[in-house]
file final.cif (mmCIF, C-alpha atoms)
data_input
#
loop_
_atom_site.label_atom_id
_atom_site.label_comp_id
_atom_site.auth_asym_id
_atom_site.auth_seq_id
_atom_site.Cartn_x
_atom_site.Cartn_y
_atom_site.Cartn_z
CA MET A 14 79.95 99.72 -41.43
CA LYS A 15 77.62 101.02 -44.12
CA ARG A 16 73.85 101.04 -43.72
CA LEU A 17 71.04 99.98 -46.05
CA LEU A 18 67.61 100.93 -44.72
CA ILE A 19 64.38 99.47 -46.16
CA LEU A 20 61.07 101.14 -45.34
CA GLY A 21 58.14 98.74 -45.62
CA ALA A 22 58.07 94.96 -45.19
CA GLY A 23 55.42 94.10 -47.73
CA THR A 24 56.21 92.25 -50.94
CA GLY A 25 58.85 94.65 -52.30
CA GLY A 26 60.64 95.33 -49.03
CA THR A 27 60.77 91.66 -48.05
CA ILE A 28 62.12 90.58 -51.45
CA MET A 29 64.81 93.28 -51.33
CA ALA A 30 65.83 92.36 -47.77
CA ASN A 31 66.42 88.79 -48.95
CA LYS A 32 68.22 89.78 -52.14
CA MET A 33 70.49 92.39 -50.59
CA ARG A 34 71.43 90.27 -47.59
CA LYS A 35 72.80 87.71 -50.03
CA ALA A 36 74.50 90.36 -52.17
CA LEU A 37 76.17 92.50 -49.49
CA ALA A 38 78.90 91.25 -47.14
CA ARG A 39 77.72 91.08 -43.53
CA GLU A 40 80.99 92.45 -42.19
CA ASP A 41 80.57 95.57 -44.34
CA TRP A 42 76.83 96.19 -44.46
CA ASP A 43 74.14 96.59 -41.83
CA ILE A 44 70.64 96.03 -43.27
CA THR A 45 67.52 97.18 -41.41
CA ILE A 46 63.88 96.85 -42.42
CA VAL A 47 61.10 98.87 -40.76
CA ASP A 48 57.34 98.24 -40.75
CA GLN A 49 54.57 99.05 -38.29
CA HIS A 50 52.72 95.76 -38.86
CA LYS A 51 53.78 92.21 -37.98
CA THR A 52 51.32 90.41 -40.28
CA HIS A 53 51.94 89.80 -43.98
CA TYR A 54 48.87 89.64 -46.21
CA TYR A 55 48.68 87.80 -49.52
CA GLN A 56 46.62 90.55 -51.09
CA PRO A 57 45.67 88.72 -54.34
CA GLY A 58 43.78 86.31 -52.08
CA PHE A 59 41.38 89.03 -50.89
CA LEU A 60 39.50 88.63 -54.18
CA PHE A 61 38.55 85.04 -53.31
CA ILE A 62 37.24 85.75 -49.79
CA PRO A 63 33.83 87.32 -50.60
CA PHE A 64 32.91 84.21 -52.62
CA GLY A 65 33.89 81.73 -49.90
CA MET A 66 36.89 80.36 -51.79
CA TYR A 67 39.48 81.53 -49.24
CA GLY A 68 39.29 82.34 -45.56
CA LYS A 69 41.40 84.67 -43.44
CA LYS A 70 43.88 81.90 -42.62
CA ASP A 71 44.66 81.46 -46.32
CA VAL A 72 46.00 84.99 -46.80
CA ILE A 73 47.99 85.81 -43.66
CA LYS A 74 51.35 84.79 -42.21
CA PRO A 75 53.80 86.45 -39.79
CA LYS A 76 56.22 88.78 -41.57
CA SER A 77 59.01 87.34 -39.47
CA ASP A 78 58.71 84.06 -41.41
CA PHE A 79 60.23 85.72 -44.47
CA PHE A 80 63.07 87.88 -43.16
CA PRO A 81 66.57 86.46 -43.72
CA VAL A 82 69.04 85.93 -40.91
CA GLY A 83 71.29 88.95 -40.54
CA VAL A 84 68.66 91.64 -41.15
CA ASN A 85 67.59 93.93 -38.32
CA VAL A 86 63.81 94.23 -38.00
CA ILE A 87 62.10 97.20 -36.36
CA TYR A 88 58.33 97.26 -35.89
CA SER A 89 57.42 100.93 -35.69
CA LYS A 90 55.45 103.65 -37.42
CA ILE A 91 57.59 105.89 -39.60
CA ASP A 92 57.30 109.63 -39.00
CA LYS A 93 59.19 110.95 -42.03
CA ILE A 94 62.27 110.78 -44.22
CA GLU A 95 64.91 113.51 -44.04
CA PRO A 96 66.69 112.98 -47.39
CA ASP A 97 69.08 115.91 -46.93
CA ASP A 98 70.35 114.36 -43.68
CA ASN A 99 70.25 110.71 -44.89
CA SER A 100 68.02 109.84 -41.96
CA VAL A 101 64.57 108.52 -41.11
CA LEU A 102 62.57 109.54 -38.06
CA LEU A 103 60.44 106.87 -36.41
CA GLU A 104 57.50 107.43 -34.11
CA GLY A 105 58.76 108.26 -30.65
CA GLY A 106 61.80 110.19 -31.85
CA VAL A 107 64.09 107.31 -32.87
CA VAL A 108 66.45 108.34 -35.70
CA LEU A 109 67.86 105.85 -38.22
CA ASN A 110 70.71 106.94 -40.47
CA TYR A 111 71.41 105.34 -43.85
CA ASP A 112 73.85 105.31 -46.72
CA TYR A 113 71.20 103.93 -49.08
CA LEU A 114 67.45 103.86 -48.66
CA ILE A 115 64.80 101.68 -50.32
CA ILE A 116 61.21 102.96 -50.10
CA ALA A 117 58.74 100.06 -50.25
CA THR A 118 55.81 101.52 -48.33
CA GLY A 119 53.18 100.48 -50.87
CA THR A 120 49.76 102.03 -51.29
CA ARG A 121 46.62 102.16 -49.17
CA THR A 122 42.92 102.58 -49.77
CA ALA A 123 41.50 106.00 -48.87
CA PRO A 124 37.67 105.74 -48.97
CA GLU A 125 37.43 109.08 -47.18
CA GLU A 126 38.57 110.77 -50.41
CA VAL A 127 35.12 110.20 -51.98
CA ASP A 128 32.30 112.16 -50.38
CA GLY A 129 29.84 109.77 -48.75
CA LEU A 130 31.70 106.55 -49.52
CA LYS A 131 32.54 105.88 -45.90
CA GLY A 132 29.10 106.93 -44.72
CA ASP A 133 26.16 105.29 -42.97
CA LEU A 134 26.13 102.30 -45.36
CA TRP A 135 29.84 101.48 -45.04
CA TYR A 136 30.16 97.73 -44.45
CA LYS A 137 26.35 97.46 -44.50
CA ASN A 138 25.55 97.91 -48.19
CA ILE A 139 28.87 99.43 -49.30
CA PHE A 140 32.08 97.41 -49.23
CA ASP A 141 35.61 97.20 -50.54
CA PHE A 142 37.56 93.99 -51.03
CA TYR A 143 41.02 95.55 -51.07
CA THR A 144 41.33 95.21 -47.29
CA ILE A 145 40.98 92.08 -45.19
CA GLU A 146 38.21 93.77 -43.18
CA GLY A 147 36.23 94.69 -46.30
CA ALA A 148 36.63 91.28 -47.93
CA LEU A 149 35.44 89.47 -44.79
CA ALA A 150 32.49 91.83 -44.30
CA LEU A 151 31.43 91.33 -47.92
CA ALA A 152 31.69 87.54 -47.54
CA ASP A 153 29.25 87.70 -44.63
CA TYR A 154 26.90 89.98 -46.58
CA PHE A 155 26.78 87.70 -49.63
CA LYS A 156 25.83 84.72 -47.47
CA THR A 157 22.33 86.10 -46.95
CA TRP A 158 21.90 88.65 -49.77
CA LYS A 159 18.69 88.08 -51.73
CA GLY A 160 19.82 89.94 -54.84
CA GLY A 161 19.35 93.34 -56.42
CA LYS A 162 21.61 95.85 -58.11
CA LEU A 163 25.29 94.98 -57.60
CA VAL A 164 27.52 97.88 -58.67
CA ILE A 165 31.30 97.63 -58.89
CA ASN A 166 32.88 101.08 -59.01
CA ILE A 167 36.48 102.19 -59.49
CA ALA A 168 36.84 105.58 -57.81
CA GLU A 169 40.12 106.80 -59.27
CA LEU A 170 43.34 105.80 -61.03
CA PRO A 171 45.85 104.40 -60.23
CA PHE A 172 44.90 101.49 -57.96
CA LYS A 173 46.37 98.16 -56.95
CA CYS A 174 45.95 95.23 -59.33
CA PRO A 175 44.01 96.88 -62.20
CA VAL A 176 42.41 93.58 -63.24
CA ALA A 177 40.98 92.71 -59.81
CA PRO A 178 37.69 94.64 -60.22
CA LEU A 179 37.06 92.78 -63.50
CA GLU A 180 37.84 89.48 -61.78
CA PHE A 181 35.37 90.41 -59.06
CA ALA A 182 32.66 91.01 -61.67
CA PHE A 183 33.38 87.68 -63.38
CA PHE A 184 33.43 85.84 -60.05
CA ALA A 185 30.13 87.47 -59.04
CA ASP A 186 28.50 86.28 -62.26
CA ALA A 187 29.62 82.69 -61.61
CA PHE A 188 28.89 82.82 -57.86
CA PHE A 189 25.30 83.94 -58.23
CA THR A 190 24.71 81.63 -61.20
CA GLU A 191 25.88 78.64 -59.16
CA ARG A 192 23.58 79.71 -56.32
CA GLY A 193 20.64 79.79 -58.74
CA MET A 194 19.97 83.51 -58.32
CA ARG A 195 21.83 85.18 -61.20
CA ASP A 196 18.47 86.34 -62.62
CA LYS A 197 17.95 88.27 -59.38
CA VAL A 198 21.33 90.06 -59.54
CA ASP A 199 21.96 92.93 -61.94
CA ILE A 200 25.74 93.48 -62.22
CA THR A 201 27.09 96.84 -63.39
CA TYR A 202 30.77 97.68 -63.83
CA VAL A 203 31.41 101.43 -63.46
CA THR A 204 34.85 102.76 -64.37
CA PRO A 205 36.61 106.07 -65.05
CA LEU A 206 38.33 104.35 -68.00
CA PRO A 207 36.89 104.54 -71.53
CA GLY A 208 36.66 100.73 -71.54
CA ALA A 209 37.27 97.61 -69.49
CA PHE A 210 41.07 98.03 -69.32
CA THR A 211 43.90 100.40 -70.22
CA LYS A 212 45.34 98.50 -73.22
CA PRO A 213 43.29 98.29 -76.47
CA ARG A 214 43.60 94.57 -77.26
CA ALA A 215 42.96 93.48 -73.67
CA THR A 216 40.11 96.00 -73.42
CA LYS A 217 38.40 94.45 -76.44
CA MET A 218 38.72 90.90 -75.11
CA LEU A 219 37.69 91.74 -71.54
CA GLY A 220 34.85 93.99 -72.71
CA GLU A 221 33.48 91.12 -74.79
CA LEU A 222 33.61 88.86 -71.72
CA LEU A 223 31.54 91.41 -69.79
CA VAL A 224 28.94 91.40 -72.55
CA GLN A 225 28.87 87.59 -72.71
CA LYS A 226 28.25 87.44 -68.98
CA ASN A 227 25.48 90.05 -69.11
CA ILE A 228 27.47 92.57 -67.08
CA THR A 229 26.71 96.19 -67.96
CA ILE A 230 29.72 98.49 -68.28
CA ILE A 231 29.46 102.24 -67.68
CA PRO A 232 32.72 103.90 -68.81
CA ASP A 233 34.07 107.45 -68.29
CA PHE A 234 32.42 107.68 -64.86
CA ASN A 235 34.34 109.96 -62.48
CA ILE A 236 32.64 109.61 -59.13
CA MET A 237 31.78 112.76 -57.21
CA GLU A 238 29.79 111.35 -54.31
CA VAL A 239 27.92 108.41 -52.83
CA ASP A 240 24.32 109.21 -51.88
CA ASN A 241 23.74 106.88 -48.91
CA GLU A 242 20.11 107.90 -48.41
CA ASN A 243 19.04 107.13 -51.98
CA LYS A 244 21.61 104.39 -52.62
CA LYS A 245 23.24 105.81 -55.73
CA ILE A 246 26.61 107.02 -56.94
CA VAL A 247 26.89 110.30 -58.83
CA ASP A 248 29.64 111.46 -61.16
CA TYR A 249 30.77 115.01 -61.90
CA GLY A 250 28.71 115.09 -65.09
CA GLY A 251 25.52 114.29 -63.19
CA THR A 252 25.20 110.62 -64.22
CA GLU A 253 23.61 108.54 -61.46
CA VAL A 254 23.84 104.79 -60.89
CA GLU A 255 21.57 103.16 -58.31
CA PHE A 256 22.74 100.24 -56.17
CA ASP A 257 21.57 97.79 -53.56
CA CYS A 258 25.13 96.62 -52.94
CA LEU A 259 28.08 98.83 -53.89
CA VAL A 260 31.53 97.28 -54.16
CA SER A 261 34.02 100.13 -54.29
CA ILE A 262 37.65 100.24 -55.31
CA PRO A 263 38.43 103.40 -53.33
CA THR A 264 41.07 105.99 -54.15
CA ASN A 265 44.54 104.55 -53.64
CA MET A 266 47.21 106.74 -52.04
CA GLY A 267 50.79 106.41 -50.87
CA ASP A 268 51.84 106.15 -47.25
CA PRO A 269 51.08 109.38 -45.32
CA MET A 270 54.74 109.42 -44.31
CA ILE A 271 55.68 110.23 -47.93
CA GLU A 272 53.59 113.40 -47.82
CA ARG A 273 55.04 114.41 -44.46
CA SER A 274 58.50 113.98 -45.97
CA GLY A 275 57.68 116.25 -48.90
CA MET A 276 58.63 113.46 -51.30
CA GLY A 277 55.34 112.57 -52.98
CA ASP A 278 53.02 113.66 -55.78
CA ASP A 279 49.38 114.66 -55.21
CA LEU A 280 48.44 111.08 -54.27
CA GLY A 281 51.52 110.45 -52.14
CA PHE A 282 53.46 108.33 -54.65
CA VAL A 283 57.20 108.90 -54.95
CA PRO A 284 58.47 110.43 -58.25
CA THR A 285 60.77 107.70 -59.56
CA ASP A 286 62.84 107.13 -62.69
CA LYS A 287 60.74 104.53 -64.49
CA HIS A 288 63.75 102.66 -65.86
CA THR A 289 66.36 102.83 -63.06
CA LEU A 290 63.94 102.94 -60.06
CA GLN A 291 66.04 105.68 -58.51
CA SER A 292 64.16 108.40 -56.65
CA LYS A 293 64.11 111.74 -58.44
CA ARG A 294 64.66 113.43 -55.06
CA ALA A 295 68.00 111.89 -54.02
CA GLU A 296 70.60 109.69 -55.70
CA ASN A 297 70.93 107.30 -52.74
CA ILE A 298 67.19 106.59 -52.51
CA PHE A 299 65.47 103.90 -54.59
CA VAL A 300 61.80 102.99 -54.81
CA ILE A 301 60.07 99.66 -55.48
CA GLY A 302 56.50 98.56 -55.99
CA ASP A 303 53.30 100.47 -55.35
CA ALA A 304 55.07 103.37 -53.60
CA ALA A 305 56.55 104.55 -56.92
CA ASP A 306 54.78 106.70 -59.50
CA VAL A 307 56.06 104.65 -62.46
CA PRO A 308 53.42 104.21 -65.22
CA THR A 309 52.79 100.50 -64.93
CA SER A 310 50.47 98.28 -62.90
CA LYS A 311 50.60 98.36 -59.13
CA ALA A 312 50.79 94.57 -58.89
CA GLY A 313 52.89 91.84 -57.33
CA SER A 314 54.35 90.71 -60.64
CA VAL A 315 55.72 94.21 -61.23
CA VAL A 316 57.42 94.17 -57.84
CA HIS A 317 59.02 90.83 -58.68
CA PHE A 318 60.37 92.11 -62.01
CA GLU A 319 61.48 95.42 -60.47
CA ALA A 320 63.39 93.64 -57.71
CA ASP A 321 65.96 92.18 -60.10
CA ILE A 322 66.52 95.61 -61.67
CA LEU A 323 66.73 97.34 -58.31
CA GLU A 324 69.26 94.86 -56.96
CA GLU A 325 71.44 95.39 -60.04
CA ASN A 326 71.23 99.18 -59.95
CA LEU A 327 71.73 99.43 -56.20
CA LEU A 328 74.95 97.45 -56.52
CA CYS A 329 75.97 99.75 -59.39
CA ALA A 330 75.39 102.77 -57.15
CA ILE A 331 77.32 101.25 -54.26
CA GLU A 332 80.25 100.43 -56.56
CA ASN A 333 80.07 103.85 -58.27
CA ARG A 334 79.31 102.33 -61.70
CA PRO A 335 76.79 103.48 -64.33
CA PHE A 336 73.41 101.79 -63.99
CA THR A 337 73.11 98.59 -66.00
CA GLY A 338 69.58 97.61 -64.93
CA HIS A 339 66.72 98.83 -67.12
CA PHE A 340 63.12 98.23 -66.04
CA ASP A 341 60.80 98.08 -69.06
CA GLY A 342 57.50 98.23 -67.14
CA HIS A 343 56.97 94.46 -67.36
CA ALA A 344 53.67 93.32 -65.86
CA ASN A 345 52.09 89.90 -65.91
CA CYS A 346 48.55 89.26 -64.64
CA TYR A 347 46.36 86.19 -64.35
CA ILE A 348 42.71 87.17 -64.67
CA GLU A 349 40.04 84.92 -63.18
CA THR A 350 37.02 84.71 -65.47
CA GLY A 351 34.83 82.43 -63.34
CA TYR A 352 33.74 78.79 -63.60
CA GLY A 353 37.28 77.51 -62.94
CA LYS A 354 38.84 79.35 -65.87
CA GLY A 355 41.05 82.35 -66.40
CA THR A 356 43.10 84.32 -68.87
CA LEU A 357 46.58 85.89 -68.81
CA ILE A 358 48.12 89.13 -70.01
CA ASP A 359 51.81 90.06 -70.33
CA PHE A 360 52.87 93.59 -71.29
CA ASN A 361 55.24 96.49 -70.58
CA TYR A 362 55.53 100.25 -71.04
CA ASP A 363 55.61 100.02 -74.83
CA THR A 364 53.92 96.74 -75.78
CA GLU A 365 50.28 95.97 -75.11
CA PRO A 366 49.07 92.45 -74.21
CA LEU A 367 49.36 90.10 -77.18
CA PRO A 368 48.08 86.55 -77.80
CA GLY A 369 50.49 83.63 -77.67
CA SER A 370 51.97 81.31 -75.05
CA PHE A 371 53.77 81.99 -71.76
CA PRO A 372 56.42 81.61 -70.44
CA PHE A 373 57.85 79.13 -72.95
CA PRO A 374 57.21 79.66 -76.69
CA GLY A 375 55.07 76.88 -78.13
CA LEU A 376 54.88 75.10 -74.79
CA GLY A 377 53.18 77.58 -72.52
CA PRO A 378 51.66 76.08 -70.50
CA PHE A 379 49.68 79.30 -70.17
CA GLY A 380 47.78 80.94 -73.03
CA LEU A 381 47.90 84.72 -73.41
CA LEU A 382 44.56 86.46 -74.00
CA LYS A 383 42.98 83.01 -73.95
CA VAL A 384 40.38 81.74 -71.49
CA SER A 385 41.46 78.34 -70.17
CA ARG A 386 41.38 76.13 -67.12
CA MET A 387 45.19 76.11 -67.02
CA ASN A 388 45.30 79.87 -66.47
CA HIS A 389 42.99 79.44 -63.48
CA TYR A 390 45.37 76.84 -62.06
CA GLY A 391 48.25 79.25 -62.66
CA LYS A 392 46.54 81.82 -60.45
CA LEU A 393 45.96 79.25 -57.70
CA ILE A 394 49.53 77.92 -57.87
CA PHE A 395 50.91 81.43 -57.57
CA ARG A 396 49.90 81.62 -53.90
CA TRP A 397 52.35 78.78 -53.10
CA ILE A 398 55.02 80.41 -55.26
CA TYR A 399 54.46 83.72 -53.50
CA TRP A 400 54.97 82.34 -49.98
CA HIS A 401 57.83 79.94 -50.77
CA ILE A 402 59.81 81.50 -53.63
CA LEU A 403 58.94 85.08 -54.51
CA LEU A 404 59.05 86.65 -51.03
CA LYS A 405 62.35 84.96 -50.29
CA GLY A 406 63.95 86.51 -53.35
CA LYS A 407 64.62 83.20 -55.08
CA GLU A 408 65.09 82.86 -58.83
CA MET A 409 62.08 82.09 -61.03
CA PRO A 410 62.09 80.95 -64.69
CA ILE A 411 60.61 84.24 -65.92
CA ASP A 412 62.70 87.08 -67.32
CA SER A 413 62.36 90.48 -65.68
CA GLU A 414 62.33 92.01 -69.15
CA MET A 415 59.27 91.21 -71.22
CA GLN A 416 60.02 88.70 -73.99
CA MET A 417 58.40 88.71 -77.42
CA ALA A 418 59.15 85.01 -77.99
CA GLY A 419 55.89 83.08 -78.09
CA LYS A 420 53.77 86.16 -78.74
CA LYS A 421 51.77 86.73 -81.92
CA LEU A 422 51.82 90.20 -83.42
#

call {"tool": "encode", "arguments": {"input": "final.cif", "output": "structure tokens"}}
result
Amino acid sequence: MKRLLILGAGTGGTIMANKMRKALAREDWDITIVDQHKTHYYQPGFLFIPFGMYGKKDVIKPKSDFFPVGVNVIYSKIDKIEPDDNSVLLEGGVVLNYDYLIIATGTRTAPEEVDGLKGDLWYKNIFDFYTIEGALALADYFKTWKGGKLVINIAELPFKCPVAPLEFAFFADAFFTERGMRDKVDITYVTPLPGAFTKPRATKMLGELLVQKNITIIPDFNIMEVDNENKKIVDYGGTEVEFDCLVSIPTNMGDPMIERSGMGDDLGFVPTDKHTLQSKRAENIFVIGDAADVPTSKAGSVVHFEADILEENLLCAIENRPFTGHFDGHANCYIETGYGKGTLIDFNYDTEPLPGSFPFPGLGPFGLLKVSRMNHYGKLIFRWIYWHILLKGKEMPIDSEMQMAGKKL
């Protein structure tokens, strides 16, 4: 009996458990998935919570609902990986051996990495919305907030869902407008990037939206500290931005277990071949999703596209064949722009977001780099797709490789 071990039962690990259980014969392969938590969070939904659009019940389900029959599930903290011994040590001394290993341990917020961020004002005037606790605390705060300087700050790259801070800014504009207090709220978007986004065409479009919505953008801001006493953030060049409410996207880091295993970069992400998704540390280890250091978005759509490639290449490795799967960095993101509308971007390692229609040329129904009500509906529909199709590893009518059909150069 051969053994496939999956570390992490978030989006990537759950999809791979479903895909590989179908692909590998039960009489030949034992599949085990390990995670310390029993609750699955629909993380894109955290964005909606501070504005009263979702509640906690809308974004959580038991992880056990999504594991296929025939997969062993272990709820435990992971101590470290021993790649030279093909083994994983769990908390308490339990040892799991493997023939092939999939690392799907994701990323986590690390507010402690910025001096003063997790200080006296944490969850009083300073919040994140990348955790369920932060999103709920911010929702309570906004219920009674009278207005002032709202600052949205990205601490460091990379971070999960690169468009989410922009969506938060757009939602905030609409939220406070609808409450009749937009004139009392000054919104500032502070980023280490030179513009609103990483790709030129999308940056231009999203930057123009910020201007239209009277949201100030401060680029090239590399935060050094948060001054809790004087309510301001300071960058290494000495620039200061005052706030009454600070919404932070803290430093994102890999699972601490990766560092203990000696398998990560400076932020704890696993060096990974960006096309094959094979670990650069060992041939029988593969990496999916946010845990990898591949140069594309840390987002759910990327995990979905990677999963098809990983399944193909893992089967190639098992059957001692050359890899036939090639991940092109495909990412696809709905971007909420407020007032029941949204836009959509589709890109990969080499091609920036372009206008056009998606996923079907000429038909759409979604417009790329276009603000429309249909794109907003696409974002809302995705939650159902996530729970019922994506997590279970089912086929979707979207190619893993980015298609140029329907796009306008």

call {"tool": "closest_atom_pairs", "arguments": {"input": "final.cif", "of": "range 35-124 of chain A", "to": "range 387-404 of chain A", "cutoff": "9 Å", "atoms": "only C-alpha atoms", "output": "tab-separated table"}}
result
residue	atom	partner	partner_atom	distance
A:Tyr55	CA	A:Arg396	CA	7.7
A:Pro57	CA	A:Arg396	CA	8.3
A:Gly58	CA	A:Arg396	CA	7.9
A:Val72	CA	A:Arg396	CA	8.8
A:Lys74	CA	A:Trp400	CA	8.9
A:Phe79	CA	A:Leu404	CA	6.7
A:Phe80	CA	A:Leu404	CA	8.9

call {"tool": "resolve_selection", "arguments": {"input": "final.cif", "expression": "the PyMOL selection byres ((chain A and resi 113) around 12)", "output": "MDAnalysis selection string"}}
result
chainID A and resid 15:20 33 42:45 96 98:101 109:112 114:116 291:292 295:300 326:328 330:331

call {"tool": "write_last_selection", "arguments": {"input": "final.cif", "atoms": "C-alpha atoms", "output": "PDB file, in the coordinates of the input"}}
result
ATOM      1  CA  LYS A  15      77.620 101.020 -44.120  1.00  0.00           C
ATOM      2  CA  ARG A  16      73.850 101.040 -43.720  1.00  0.00           C
ATOM      3  CA  LEU A  17      71.040  99.980 -46.050  1.00  0.00           C
ATOM      4  CA  LEU A  18      67.610 100.930 -44.720  1.00  0.00           C
ATOM      5  CA  ILE A  19      64.380  99.470 -46.160  1.00  0.00           C
ATOM      6  CA  LEU A  20      61.070 101.140 -45.340  1.00  0.00           C
ATOM      7  CA  MET A  33      70.490  92.390 -50.590  1.00  0.00           C
ATOM      8  CA  TRP A  42      76.830  96.190 -44.460  1.00  0.00           C
ATOM      9  CA  ASP A  43      74.140  96.590 -41.830  1.00  0.00           C
ATOM     10  CA  ILE A  44      70.640  96.030 -43.270  1.00  0.00           C
ATOM     11  CA  THR A  45      67.520  97.180 -41.410  1.00  0.00           C
ATOM     12  CA  PRO A  96      66.690 112.980 -47.390  1.00  0.00           C
ATOM     13  CA  ASP A  98      70.350 114.360 -43.680  1.00  0.00           C
ATOM     14  CA  ASN A  99      70.250 110.710 -44.890  1.00  0.00           C
ATOM     15  CA  SER A 100      68.020 109.840 -41.960  1.00  0.00           C
ATOM     16  CA  VAL A 101      64.570 108.520 -41.110  1.00  0.00           C
ATOM     17  CA  LEU A 109      67.860 105.850 -38.220  1.00  0.00           C
ATOM     18  CA  ASN A 110      70.710 106.940 -40.470  1.00  0.00           C
ATOM     19  CA  TYR A 111      71.410 105.340 -43.850  1.00  0.00           C
ATOM     20  CA  ASP A 112      73.850 105.310 -46.720  1.00  0.00           C
ATOM     21  CA  LEU A 114      67.450 103.860 -48.660  1.00  0.00           C
ATOM     22  CA  ILE A 115      64.800 101.680 -50.320  1.00  0.00           C
ATOM     23  CA  ILE A 116      61.210 102.960 -50.100  1.00  0.00           C
ATOM     24  CA  GLN A 291      66.040 105.680 -58.510  1.00  0.00           C
ATOM     25  CA  SER A 292      64.160 108.400 -56.650  1.00  0.00           C
ATOM     26  CA  ALA A 295      68.000 111.890 -54.020  1.00  0.00           C
ATOM     27  CA  GLU A 296      70.600 109.690 -55.700  1.00  0.00           C
ATOM     28  CA  ASN A 297      70.930 107.300 -52.740  1.00  0.00           C
ATOM     29  CA  ILE A 298      67.190 106.590 -52.510  1.00  0.00           C
ATOM     30  CA  PHE A 299      65.470 103.900 -54.590  1.00  0.00           C
ATOM     31  CA  VAL A 300      61.800 102.990 -54.810  1.00  0.00           C
ATOM     32  CA  ASN A 326      71.230  99.180 -59.950  1.00  0.00           C
ATOM     33  CA  LEU A 327      71.730  99.430 -56.200  1.00  0.00           C
ATOM     34  CA  LEU A 328      74.950  97.450 -56.520  1.00  0.00           C
ATOM     35  CA  ALA A 330      75.390 102.770 -57.150  1.00  0.00           C
ATOM     36  CA  ILE A 331      77.320 101.250 -54.260  1.00  0.00           C
TER      37      ILE A 331
END

call {"tool": "atom_distance", "arguments": {"input": "final.cif", "atom1": "CA of Leu280 in chain A", "atom2": "CA of Thr122 in chain A"}}
result
11.1 Å

call {"tool": "atom_distance", "arguments": {"input": "final.cif", "atom1": "CA of Lys245 in chain A", "atom2": "CA of Ile262 in chain A"}}
result
15.5 Å

call {"tool": "resolve_selection", "arguments": {"input": "final.cif", "expression": "the PyMOL selection byres ((chain A and resi 406) around 12)", "output": "ChimeraX atom specification"}}
result
/A:24-36,79-81,316-321,324,398-405,407-409

call {"tool": "atom_distance", "arguments": {"input": "final.cif", "atom1": "CA of Ile62 in chain A", "atom2": "CA of Gly208 in chain A"}}
result
26.4 Å

call {"tool": "resolve_selection", "arguments": {"input": "final.cif", "expression": "the PyMOL selection byres ((chain A and resi 269) around 10)", "output": "PyMOL selection string"}}
result
chain A and resi 91-93+118+120-121+266-268+270-274+277+280-282

call {"tool": "residues_near_point", "arguments": {"input": "final.cif", "point": "(32.0, 96.4, -65.1)", "cutoff": "10 Å", "atoms": "only C-alpha atoms", "output": "list in words"}}
result
Val164, Ile165, Asn166, Ile167, Pro178, Leu179, Glu180, Phe181, Ala182, Phe183, Ile200, Thr201, Tyr202, Val203, Thr204, Gly208, Ala209, Leu219, Gly220, Leu223, Val224, Asn227, Ile228, Thr229, Ile230, Ile231 and Pro232 of chain A

call {"tool": "residues_near_point", "arguments": {"input": "final.cif", "point": "(46.8, 99.1, -57.2)", "cutoff": "10 Å", "atoms": "all atoms listed in the file", "output": "list in words"}}
result
Gly119, Thr120, Arg121, Thr122, Tyr143, Leu170, Pro171, Phe172, Lys173, Cys174, Pro175, Val176, Ala177, Ile262, Thr264, Asn265, Met266, Gly302, Asp303, Ala304, Thr309, Ser310, Lys311, Ala312 and Gly313 of chain A

call {"tool": "closest_atom_pairs", "arguments": {"input": "final.cif", "of": "range 206-319 of chain A", "to": "range 355-358 of chain A", "cutoff": "12 Å", "atoms": "all atoms listed in the file", "output": "JSON lines"}}
result
{"residue": "A:Phe210", "atom": "CA", "partner": "A:Ile358", "partner_atom": "CA", "distance": 11.4}
{"residue": "A:Lys212", "atom": "CA", "partner": "A:Ile358", "partner_atom": "CA", "distance": 10.3}
{"residue": "A:Arg214", "atom": "CA", "partner": "A:Ile358", "partner_atom": "CA", "distance": 10.1}
{"residue": "A:Ala215", "atom": "CA", "partner": "A:Ile358", "partner_atom": "CA", "distance": 7.7}
{"residue": "A:Thr216", "atom": "CA", "partner": "A:Ile358", "partner_atom": "CA", "distance": 11.1}
{"residue": "A:Met218", "atom": "CA", "partner": "A:Thr356", "partner_atom": "CA", "distance": 10.1}
{"residue": "A:Leu219", "atom": "CA", "partner": "A:Thr356", "partner_atom": "CA", "distance": 9.6}
{"residue": "A:Leu222", "atom": "CA", "partner": "A:Thr356", "partner_atom": "CA", "distance": 10.9}
{"residue": "A:Ser310", "atom": "CA", "partner": "A:Ile358", "partner_atom": "CA", "distance": 11.8}
{"residue": "A:Ser314", "atom": "CA", "partner": "A:Ile358", "partner_atom": "CA", "distance": 11.4}

call {"tool": "residues_around", "arguments": {"input": "final.cif", "residues": "Phe373 in chain A", "least_positions_apart": "2", "cutoff": "12 Å", "atoms": "only C-alpha atoms", "output": "ChimeraX atom specification"}}
result
/A:369-371,375-381,410-412,416-420

call {"tool": "closest_residue", "arguments": {"input": "final.cif", "among": "A:Gly193, A:Pro75, A:Gly342, A:Pro63", "to": "Asp363 in chain A", "atoms": "all atoms listed in the file"}}
result
A:Gly342

call {"tool": "residues_around", "arguments": {"input": "final.cif", "residues": "Lys131 in chain A", "least_positions_apart": "4", "cutoff": "10 Å", "atoms": "only C-alpha atoms", "output": "number ranges by chain"}}
result
A: 123-127, 135-136, 139-140, 239, 241, 263

call {"tool": "closest_residue", "arguments": {"input": "final.cif", "among": "A:Leu134, A:Ile301, A:Met276, A:Met194", "to": "Gly23 in chain A", "atoms": "all atoms listed in the file"}}
result
A:Ile301
